[in-house]
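**Student:** Provided herewith: query-v7.txt, compact mmCIF, C-alpha atoms.
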# COMPACT_ATOMS: atom_id res chain seq x y z
CA MET A 1 -25.94 -60.62 -25.30
CA ALA A 2 -26.47 -63.84 -23.35
CA PHE A 3 -24.37 -65.98 -25.66
CA GLN A 4 -21.67 -63.33 -25.83
CA GLY A 5 -21.32 -63.78 -22.05
CA VAL A 6 -21.15 -67.55 -22.45
CA LEU A 7 -18.34 -67.18 -25.01
CA GLN A 8 -16.45 -64.69 -22.84
CA ASN A 9 -16.75 -66.90 -19.76
CA GLU A 10 -15.66 -69.99 -21.63
CA PHE A 11 -12.67 -68.18 -23.12
CA GLU A 12 -11.67 -66.94 -19.67
CA ARG A 13 -12.08 -70.41 -18.19
CA ARG A 14 -9.81 -71.91 -20.83
CA ARG A 15 -7.23 -69.16 -20.42
CA THR A 16 -7.18 -69.67 -16.66
CA ALA A 17 -6.63 -73.38 -17.14
CA ASN A 18 -3.93 -72.78 -19.76
CA PRO A 19 -2.25 -69.34 -19.85
CA ARG A 20 -0.99 -70.04 -23.39
CA TYR A 21 -4.55 -70.48 -24.66
CA SER A 22 -5.09 -67.55 -27.02
CA LEU A 23 -7.95 -66.03 -28.96
CA ARG A 24 -6.61 -67.88 -32.01
CA SER A 25 -6.74 -71.14 -30.04
CA PHE A 26 -10.34 -70.48 -29.08
CA ALA A 27 -11.20 -69.54 -32.68
CA ARG A 28 -9.56 -72.74 -33.92
CA ASP A 29 -11.59 -74.82 -31.45
CA LEU A 30 -14.80 -73.11 -32.57
CA ALA A 31 -13.83 -73.44 -36.25
CA VAL A 32 -14.20 -69.71 -36.90
CA HIS A 33 -11.80 -67.00 -38.04
CA HIS A 34 -10.17 -65.27 -35.07
CA SER A 35 -11.18 -61.78 -36.26
CA THR A 36 -14.81 -62.89 -36.50
CA LEU A 37 -14.63 -64.38 -33.01
CA SER A 38 -13.03 -61.20 -31.70
CA GLN A 39 -15.95 -59.17 -33.07
CA MET A 40 -18.39 -61.55 -31.44
CA LEU A 41 -16.65 -61.35 -28.08
CA ARG A 42 -16.68 -57.55 -28.24
CA GLY A 43 -20.35 -57.42 -29.23
CA LYS A 44 -19.52 -56.00 -32.66
CA ARG A 45 -21.17 -58.86 -34.52
CA ARG A 46 -24.69 -60.16 -33.92
CA LEU A 47 -24.93 -63.71 -32.64
CA THR A 48 -27.67 -65.29 -34.69
CA GLY A 49 -29.55 -68.43 -33.74
CA ARG A 50 -27.52 -70.36 -36.30
CA ILE A 51 -24.25 -69.25 -34.70
CA VAL A 52 -25.54 -70.06 -31.21
CA ARG A 53 -26.56 -73.55 -32.33
CA THR A 54 -23.25 -74.19 -34.13
CA PHE A 55 -20.98 -72.87 -31.38
CA GLY A 56 -23.21 -74.24 -28.64
CA GLY A 57 -22.68 -77.71 -30.08
CA ARG A 58 -18.94 -77.18 -30.28
CA LEU A 59 -18.92 -76.02 -26.65
CA ARG A 60 -20.91 -79.15 -25.74
CA LEU A 61 -23.81 -77.18 -24.27
CA THR A 62 -27.00 -79.15 -23.69
CA ALA A 63 -29.86 -78.87 -26.19
CA PRO A 64 -32.15 -77.04 -23.72
CA ALA A 65 -29.34 -74.59 -22.90
CA ILE A 66 -28.77 -73.91 -26.60
CA ALA A 67 -32.50 -73.41 -27.18
CA GLU A 68 -32.72 -70.95 -24.32
CA LEU A 69 -29.66 -69.03 -25.52
CA CYS A 70 -31.15 -68.84 -29.04
CA ALA A 71 -34.38 -67.51 -27.54
CA LEU A 72 -32.49 -64.89 -25.53
CA GLU A 73 -30.56 -63.75 -28.62
CA ASN A 74 -33.85 -63.47 -30.51
CA GLU A 75 -35.30 -61.44 -27.64
CA SER A 76 -32.37 -59.09 -27.78
CA ALA A 77 -32.69 -58.73 -31.57
CA VAL A 78 -36.44 -58.06 -31.44
CA LEU A 79 -35.96 -55.48 -28.68
CA SER A 80 -33.38 -53.75 -30.85
CA ALA A 81 -35.93 -53.66 -33.70
CA LEU A 82 -38.53 -52.12 -31.38
CA ALA A 83 -36.09 -49.32 -30.60
CA ARG A 84 -35.60 -48.36 -34.26
CA PRO A 85 -37.15 -45.02 -35.26
CA ASN A 86 -38.72 -46.62 -38.33
CA PHE A 87 -40.22 -49.50 -36.29
CA ARG A 88 -43.42 -51.02 -37.64
CA ALA A 89 -45.75 -53.11 -35.48
CA ASP A 90 -45.55 -55.94 -37.94
CA SER A 91 -43.89 -59.32 -37.43
CA ARG A 92 -43.10 -59.58 -41.13
CA TRP A 93 -41.22 -56.29 -41.00
CA ILE A 94 -39.27 -57.44 -37.92
CA ALA A 95 -38.46 -60.77 -39.55
CA SER A 96 -37.22 -59.04 -42.66
CA MET A 97 -35.17 -56.47 -40.69
CA LEU A 98 -33.50 -59.09 -38.53
CA GLY A 99 -33.27 -62.03 -40.90
CA ILE A 100 -35.12 -64.21 -38.38
CA PRO A 101 -37.88 -66.59 -39.55
CA LEU A 102 -41.38 -65.18 -39.03
CA ASP A 103 -42.40 -67.97 -36.64
CA GLU A 104 -39.35 -67.31 -34.48
CA VAL A 105 -40.25 -63.60 -34.35
CA ASN A 106 -43.78 -64.46 -33.21
CA VAL A 107 -42.56 -66.93 -30.59
CA THR A 108 -40.14 -64.27 -29.36
CA LEU A 109 -42.84 -61.61 -29.18
CA GLN A 110 -44.99 -63.97 -27.14
CA ARG A 111 -42.06 -64.66 -24.78
CA LEU A 112 -41.49 -60.94 -24.34
CA LEU A 113 -45.17 -60.41 -23.56
CA ARG A 114 -45.20 -63.32 -21.12
CA LYS A 115 -42.12 -62.02 -19.35
CA ARG A 116 -43.71 -58.55 -19.17
CA ILE A 117 -40.75 -57.07 -21.04
CA VAL A 118 -42.85 -55.80 -23.94
CA THR A 119 -46.37 -54.47 -24.03
CA MET A 120 -48.74 -53.87 -26.94
CA THR A 121 -50.80 -50.93 -25.81
CA THR A 122 -52.23 -49.77 -29.10
CA ARG A 123 -52.37 -51.39 -32.51
CA ALA A 124 -49.22 -49.52 -33.56
CA ARG A 125 -47.31 -49.24 -30.29
CA TRP A 126 -45.15 -52.09 -29.03
CA ALA A 127 -42.69 -50.98 -26.41
CA ARG A 128 -40.37 -52.14 -23.68
CA ILE A 129 -42.16 -51.92 -20.34
CA GLU A 130 -39.79 -49.29 -18.93
CA GLU A 131 -40.57 -47.06 -21.93
CA VAL A 132 -44.35 -47.11 -21.38
CA MET B 1 -74.37 -60.64 -26.17
CA GLY B 2 -73.08 -63.52 -24.06
CA ASN B 3 -69.53 -64.78 -24.42
CA PRO B 4 -69.33 -67.14 -27.36
CA VAL B 5 -66.37 -69.28 -28.29
CA VAL B 6 -65.36 -67.56 -31.51
CA GLN B 7 -62.14 -69.24 -32.55
CA TRP B 8 -59.91 -72.24 -31.99
CA GLN B 9 -56.16 -72.08 -32.18
CA ILE B 10 -53.68 -74.87 -32.65
CA VAL B 11 -50.25 -74.11 -31.21
CA ALA B 12 -47.82 -76.32 -33.09
CA LYS B 13 -44.10 -76.93 -33.28
CA ASP B 14 -44.30 -77.14 -37.06
CA PRO B 15 -47.20 -74.89 -38.01
CA ASP B 16 -46.61 -75.22 -41.76
CA ALA B 17 -46.74 -79.01 -41.66
CA LEU B 18 -49.87 -79.02 -39.54
CA THR B 19 -51.56 -76.44 -41.72
CA ARG B 20 -50.80 -78.58 -44.76
CA PHE B 21 -52.15 -81.64 -42.96
CA TYR B 22 -55.53 -80.10 -42.17
CA GLY B 23 -55.67 -78.38 -45.54
CA SER B 24 -55.19 -81.73 -47.28
CA LEU B 25 -57.58 -83.57 -44.98
CA PHE B 26 -60.50 -81.13 -44.95
CA GLY B 27 -59.80 -78.61 -47.70
CA TRP B 28 -59.47 -75.81 -45.13
CA LYS B 29 -58.09 -72.58 -46.55
CA VAL B 30 -55.34 -70.63 -44.86
CA GLU B 31 -54.82 -66.89 -45.10
CA THR B 32 -51.69 -65.16 -43.75
CA GLY B 33 -52.12 -61.60 -44.98
CA ASN B 34 -51.95 -59.92 -41.59
CA ALA B 35 -49.33 -58.23 -39.43
CA PHE B 36 -48.27 -61.41 -37.64
CA GLY B 37 -48.42 -63.58 -40.72
CA TYR B 38 -50.91 -65.47 -38.56
CA ARG B 39 -52.28 -68.58 -40.25
CA GLN B 40 -56.03 -67.90 -40.19
CA VAL B 41 -57.93 -71.03 -41.07
CA ASP B 42 -61.25 -70.88 -42.88
CA THR B 43 -63.06 -74.20 -42.61
CA GLN B 44 -65.14 -73.30 -45.68
CA SER B 45 -68.40 -73.86 -43.85
CA ALA B 46 -71.17 -71.60 -42.60
CA ARG B 47 -71.41 -73.88 -39.56
CA GLY B 48 -68.95 -74.12 -36.70
CA ILE B 49 -66.12 -71.66 -36.11
CA ASN B 50 -62.89 -70.86 -37.84
CA GLY B 51 -59.47 -70.99 -36.26
CA GLY B 52 -55.79 -70.38 -36.61
CA VAL B 53 -52.37 -71.91 -36.17
CA TRP B 54 -49.63 -70.33 -34.08
CA PRO B 55 -46.02 -71.50 -33.61
CA SER B 56 -45.02 -73.16 -30.38
CA PRO B 57 -41.62 -72.43 -28.82
CA PRO B 58 -39.05 -75.24 -29.22
CA GLU B 59 -39.39 -76.23 -25.55
CA GLY B 60 -43.20 -76.11 -25.69
CA HIS B 61 -45.67 -78.71 -26.82
CA SER B 62 -48.54 -78.71 -29.29
CA LEU B 63 -51.97 -77.85 -27.92
CA VAL B 64 -55.38 -76.45 -28.81
CA GLN B 65 -56.80 -73.29 -27.30
CA LEU B 66 -60.27 -71.78 -27.49
CA PHE B 67 -60.85 -68.04 -27.78
CA ILE B 68 -63.85 -66.55 -26.05
CA GLU B 69 -65.23 -63.20 -27.08
CA VAL B 70 -65.55 -60.51 -24.43
CA ASP B 71 -66.28 -56.81 -24.65
CA ASP B 72 -63.40 -55.82 -22.34
CA VAL B 73 -60.30 -58.01 -22.19
CA GLN B 74 -58.80 -56.24 -19.16
CA GLU B 75 -61.98 -56.68 -17.17
CA TYR B 76 -62.26 -60.38 -17.96
CA VAL B 77 -58.60 -60.99 -17.15
CA ALA B 78 -59.24 -59.43 -13.75
CA ARG B 79 -62.35 -61.57 -13.25
CA ALA B 80 -60.57 -64.74 -14.33
CA THR B 81 -57.65 -64.01 -12.02
CA LYS B 82 -60.03 -63.55 -9.08
CA LEU B 83 -61.50 -66.94 -9.90
CA GLY B 84 -58.11 -68.66 -9.83
CA ALA B 85 -56.74 -68.25 -13.34
CA THR B 86 -53.21 -67.13 -14.09
CA VAL B 87 -52.24 -64.74 -16.86
CA VAL B 88 -49.84 -65.96 -19.51
CA VAL B 89 -50.08 -63.18 -22.09
CA PRO B 90 -51.42 -59.96 -20.60
CA PRO B 91 -54.06 -57.94 -22.45
CA SER B 92 -52.57 -56.79 -25.73
CA GLU B 93 -53.81 -54.65 -28.56
CA LEU B 94 -53.06 -56.34 -31.86
CA PRO B 95 -52.01 -54.52 -35.03
CA ASP B 96 -55.28 -55.33 -36.78
CA GLY B 97 -57.25 -53.69 -33.95
CA ASP B 98 -58.29 -56.84 -32.09
CA ALA B 99 -57.36 -57.29 -28.45
CA MET B 100 -56.54 -60.50 -26.63
CA ALA B 101 -55.02 -62.13 -23.59
CA ILE B 102 -54.11 -65.72 -22.80
CA VAL B 103 -54.91 -67.12 -19.38
CA VAL B 104 -54.67 -70.52 -17.75
CA ASP B 105 -57.74 -71.81 -15.96
CA PRO B 106 -57.58 -73.53 -12.54
CA ALA B 107 -57.34 -76.94 -14.26
CA GLY B 108 -54.25 -75.85 -16.19
CA LEU B 109 -55.89 -75.31 -19.59
CA SER B 110 -54.93 -72.18 -21.44
CA PHE B 111 -57.53 -70.18 -23.35
CA GLY B 112 -57.83 -66.80 -25.01
CA LEU B 113 -59.94 -63.79 -24.17
CA TYR B 114 -60.65 -61.97 -27.38
CA ARG B 115 -62.25 -58.69 -28.34
CA PRO B 116 -62.67 -58.08 -32.06
CA ARG B 117 -61.70 -54.74 -33.52
CA LYS B 118 -64.18 -51.97 -32.79
Show the structure stored in the file as structure tokens.
**Tutor:**
Amino acid sequence: MAFQGVLQNEFERRRTANPRYSLRSFARDLAVHHSTLSQMLRGKRRLTGRIVRTFGGRLRLTAPAIAELCALENESAVLSALARPNFRADSRWIASMLGIPLDEVNVTLQRLLRKRIVTMTTRARWARIEEV
Amino acid sequence: MGNPVVQWQIVAKDPDALTRFYGSLFGWKVETGNAFGYRQVDTQSARGINGGVWPSPPEGHSLVQLFIEVDDVQEYVARATKLGATVVVPPSELPDGDAMAIVVDPAGLSFGLYRPRK
């Protein structure tokens, strides 16, 4: 969600500076197909860490900014896994569901605990704080 | 019962590389068959304590933490806080039945409060 906002803002900024700047122009600059970019801008396609790192570089974001955006995308993905009816309190399961490396899942879980967004109240229940 | 130090934990940017390093150096065995895929390190000795390796976030740095056994994690977090500690990871019940919290002592060192599964 965070990087989707960055993309939307950057696209708007470029369009304001140049009214002829189109979605195809933006896609060309990011070296991605325009239909793929359109899906990303509309939130119809998940922005993985790899995409954030690739596009972040092309948008000349700083390394710390890219790292933080990757972390936020991972947070969003892990929270979506927690909301699944078949959720299992198991990092391996989350990693396999999301296609995120196991270590990144564990780092993300720790971030969510630190930020008091997620709580682990029983051995099988991990939940967003507002759901507790 | 007292409150023994029961485990050490290395938090590392490249946990696999570090695990290989200590495995090669000391012959320590690593087991990951748990819900977090946590790298539990067995030092292969009846003396001393075993440990584990946990990944550090990209912006973090490598460090070593000690885990101290308590009978009630919540209670010890409250006590530690009163004494000037800050809570990093609040008391959490782990999938294997253990409970833990991570706090930072007044000198800035983080450590774990750990209650083994009942």
**Student:** As a PDB file with C-alpha atoms, keeping the file's coordinate frame, could you give me every residue of chain A near chain B (at most 9 Å apart, counting only C-alpha atoms)?
**Tutor:**
ATOM      1  CA  PRO A  64     -32.150 -77.040 -23.720  1.00  0.00           C
ATOM      2  CA  ALA A  67     -32.500 -73.410 -27.180  1.00  0.00           C
ATOM      3  CA  GLU A  68     -32.720 -70.950 -24.320  1.00  0.00           C
ATOM      4  CA  ALA A  71     -34.380 -67.510 -27.540  1.00  0.00           C
ATOM      5  CA  ALA A  89     -45.750 -53.110 -35.480  1.00  0.00           C
ATOM      6  CA  ASP A  90     -45.550 -55.940 -37.940  1.00  0.00           C
ATOM      7  CA  SER A  91     -43.890 -59.320 -37.430  1.00  0.00           C
ATOM      8  CA  ARG A  92     -43.100 -59.580 -41.130  1.00  0.00           C
ATOM      9  CA  TRP A  93     -41.220 -56.290 -41.000  1.00  0.00           C
ATOM     10  CA  LEU A 102     -41.380 -65.180 -39.030  1.00  0.00           C
ATOM     11  CA  ASP A 103     -42.400 -67.970 -36.640  1.00  0.00           C
ATOM     12  CA  GLU A 104     -39.350 -67.310 -34.480  1.00  0.00           C
ATOM     13  CA  VAL A 105     -40.250 -63.600 -34.350  1.00  0.00           C
ATOM     14  CA  ASN A 106     -43.780 -64.460 -33.210  1.00  0.00           C
ATOM     15  CA  VAL A 107     -42.560 -66.930 -30.590  1.00  0.00           C
ATOM     16  CA  THR A 108     -40.140 -64.270 -29.360  1.00  0.00           C
ATOM     17  CA  GLN A 110     -44.990 -63.970 -27.140  1.00  0.00           C
ATOM     18  CA  ARG A 111     -42.060 -64.660 -24.780  1.00  0.00           C
ATOM     19  CA  LEU A 113     -45.170 -60.410 -23.560  1.00  0.00           C
ATOM     20  CA  ARG A 114     -45.200 -63.320 -21.120  1.00  0.00           C
ATOM     21  CA  LYS A 115     -42.120 -62.020 -19.350  1.00  0.00           C
ATOM     22  CA  ARG A 116     -43.710 -58.550 -19.170  1.00  0.00           C
ATOM     23  CA  THR A 119     -46.370 -54.470 -24.030  1.00  0.00           C
ATOM     24  CA  MET A 120     -48.740 -53.870 -26.940  1.00  0.00           C
ATOM     25  CA  THR A 121     -50.800 -50.930 -25.810  1.00  0.00           C
ATOM     26  CA  THR A 122     -52.230 -49.770 -29.100  1.00  0.00           C
ATOM     27  CA  ARG A 123     -52.370 -51.390 -32.510  1.00  0.00           C
ATOM     28  CA  ALA A 124     -49.220 -49.520 -33.560  1.00  0.00           C
ATOM     29  CA  ARG A 125     -47.310 -49.240 -30.290  1.00  0.00           C
TER      30      ARG A 125
END
**Student:** What separation in Å, quoted to one decimal, exists between atom CA of A:Ala27 and atom CA of A:Pro101?
**Tutor:**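 The value is 27.7 Å.
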**Student:** Using Å and a single decimal, report how far atom CA of A:Gly5 sits from atom CA of A:His33.
**Tutor:**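 Those two atoms sit 18.9 Å apart.
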**Student:** Give me the residues within 12 Å of B:Val103 as a PyMOL selection string, counting all atoms listed in the file and dropping any in the same chain fewer than 4 places off.
**Tutor:** (chain A and resi 114) or (chain B and resi 65-68+73-74+76-81+83-91+107-114)
**Student:** Rank nothing, just name the residue among A:Leu23, A:Ala77, A:Val52, A:Leu72 nearest to A:Gln39, using all atoms listed in the file.
**Tutor:**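 Residue with the minimum atom-to-atom distance to A:Gln39: A:Leu23.
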**Student:** Report the distance between atom CA of A:Ala63 and atom CA of A:Ala17 in Å, rounded to one decimal place.
**Tutor:**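 So the answer is 25.5 Å.
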